[in-house]
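Down below is the structure, laid out as structure tokens.
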Amino acid sequence: MIEKRLITDLAEEYLKDSPDYLVDVIVGADNTITVEIDNDKGVDIEECVSLSRHLESKLDRDKEDFELTVTSAGLTSPFKTQRQYKKFEGKEVEVLGKNGQKATGFLKSSDAEGFTLTVTKKIKPEGAKRKTEITEDLRFAFEEVKHTKYLIRFK
């Protein structure tokens with residue numbers, strides 16, 4: 001079986017001087033390999049093809065057969081790296097906490113420990129007739145988040 005670490009090392013070595021970065025490597029039991037990459041400006045198909053050819057050239061099919069797929073991180077895929085959080089700062093995202101709570105707001109900032117989400121809520125102040133909107137910042141640690149996804153809205 002082809003080791004995930006080998007594929008990760010080969011991909012990171014190839015991508016080190018490129019604007020692309022490695023998001024994830026999945027190696028299935030039947031040697032189906034999926035390599036997911038991203039870029040702050042978006043990934044071209046040519047970049048996926050180029051990385052795929054590089055990886056193919058470093059692996060020996062005669063020694064061990066495999067199926068290789070190199071793909072870009074999907075727009076609606078959950079974030080897997082801290083760099084993806086940086087990429088989407090200022091954009092609207094949806095967060096699902098491990099406790100089952102959902103939050104939607106704008107990704108304000110992120111760092112090595114977690115991120116800050118600016119959410120807008122409607123509350124009814126005591127004695128008021130109408131609800132008013134307030135914004136507040138919520139801080140999330142990466143460990144308490146099940147997933148975060150870019151939120152696509154059609155207006």
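Scheme for the structure tokens: letters A, B, ... for chains in order shown; per-chain residue numbers from 1; ligand numbers from 1 in order shown.
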Margin query: Neighbouring residues of Glu46 (chain A) were defined as those with any atom within 12 Å, considering only C-alpha atoms; residues of the same chain fewer than 6 positions away were excluded. Please report them as a ChimeraX atom specification.
Written below: /A:20,52-53,70-72
Suppose we keep N, CA, C and O atoms; can you now write the selection as a compact mmCIF listing (two decimals), in the first residue's frame?
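Result file follows (again.txt):
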# COMPACT_ATOMS: atom_id res chain seq x y z
N ASP A 20 0.08 27.52 -5.04
CA ASP A 20 -0.81 26.45 -4.61
C ASP A 20 -0.32 25.85 -3.30
O ASP A 20 0.87 25.90 -3.00
N SER A 52 -0.39 16.13 -10.93
CA SER A 52 -0.69 14.72 -11.19
C SER A 52 0.45 14.06 -11.95
O SER A 52 0.91 12.96 -11.59
N ARG A 53 0.95 14.71 -12.98
CA ARG A 53 2.07 14.17 -13.76
C ARG A 53 3.32 14.03 -12.90
O ARG A 53 4.07 13.05 -13.03
N VAL A 70 -6.06 14.28 -8.72
CA VAL A 70 -5.63 15.55 -8.15
C VAL A 70 -6.74 16.54 -8.44
O VAL A 70 -7.15 16.70 -9.59
N THR A 71 -7.25 17.18 -7.40
CA THR A 71 -8.40 18.05 -7.54
C THR A 71 -8.22 19.33 -6.72
O THR A 71 -7.37 19.38 -5.83
N SER A 72 -9.01 20.32 -7.03
CA SER A 72 -8.99 21.55 -6.23
C SER A 72 -10.00 21.41 -5.10
O SER A 72 -10.95 20.65 -5.21
Note to self: At a cut-off of 12 Å, using only C-alpha atoms, what residues contact Asp44 (chain A)? Leave out same-chain residues fewer than 2 positions from it and give the result as number ranges by chain.
What the structure shows: A: 19-20, 37-42, 46-51, 70-73
Excluding region 147-152 of chain A and any residue of its chain fewer than 2 positions from it, enumerate the residues within 6 Å of it, using only C-alpha atoms, and give them as a PyMOL selection string.
chain A and resi 76+78-79+92-96+145
Contacts of region 56-60 of chain A at 12 Å or less, counting only C-alpha atoms, minus same-chain residues fewer than 2 places along, as number ranges by chain?
A: 1-3, 6-7, 9-11, 13-14, 31, 33, 49-54, 62-70
| task | Going by DSSP on the backbone, which bits of chain A are helix (DSSP H, G or I)? Write them as an MDAnalysis selection string, please. | result | chainID A and resid 4:15 45:58 82:87 142:144
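In this model, the gap between CA of Glu12 (chain A) and CA of Gly90 (chain A) comes to 27.5 Å.
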- Task: Find the residues near region 108-112 of chain A: any atom within 10 Å, counting only C-alpha atoms, skip ones fewer than 5 places away on the same chain, and give them as a list in words.
- Result: Gln82, Arg83, Gln84, Tyr85, Lys86, Lys87, Phe88, Glu89, Gly90, Lys91, Glu92, Leu117, Thr118, Val119, Asp137, Leu138, Arg139, Phe140, Ala141 and Phe142 of chain A
query: Mind checking DSSP for region 30-87 of chain A and telling me the strand (DSSP E) residues as a list in words?
result: Thr32, Ile33, Thr34, Val35, Glu36, Ile37, Asp38, Asn39, Glu67, Leu68, Thr69, Val70, Thr71 and Ser72 of chain A
Among A:Lys4, A:Lys129, A:Lys80, A:Lys155, Thr32 (chain A) is approached most closely, using only C-alpha atoms, by A:Lys4
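The coordinates place CA of Thr135 (chain A) at 6.2 Å from CA of Lys121 (chain A).
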Within 8 Å of Ile134 (chain A), counting only C-alpha atoms, which residues qualify if same-chain residues fewer than 4 places away don't, as a PDB file with C-alpha atoms, in the first residue's frame?
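And here is the file that came out, part_5.pdb:
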ATOM      1  CA  THR A 120     -25.737  39.783  13.099  1.00  0.00           C
ATOM      2  CA  LYS A 121     -28.659  39.055  15.410  1.00  0.00           C
ATOM      3  CA  LYS A 122     -32.096  40.575  15.838  1.00  0.00           C
ATOM      4  CA  ILE A 123     -33.022  41.222  19.435  1.00  0.00           C
TER       5      ILE A 123
END
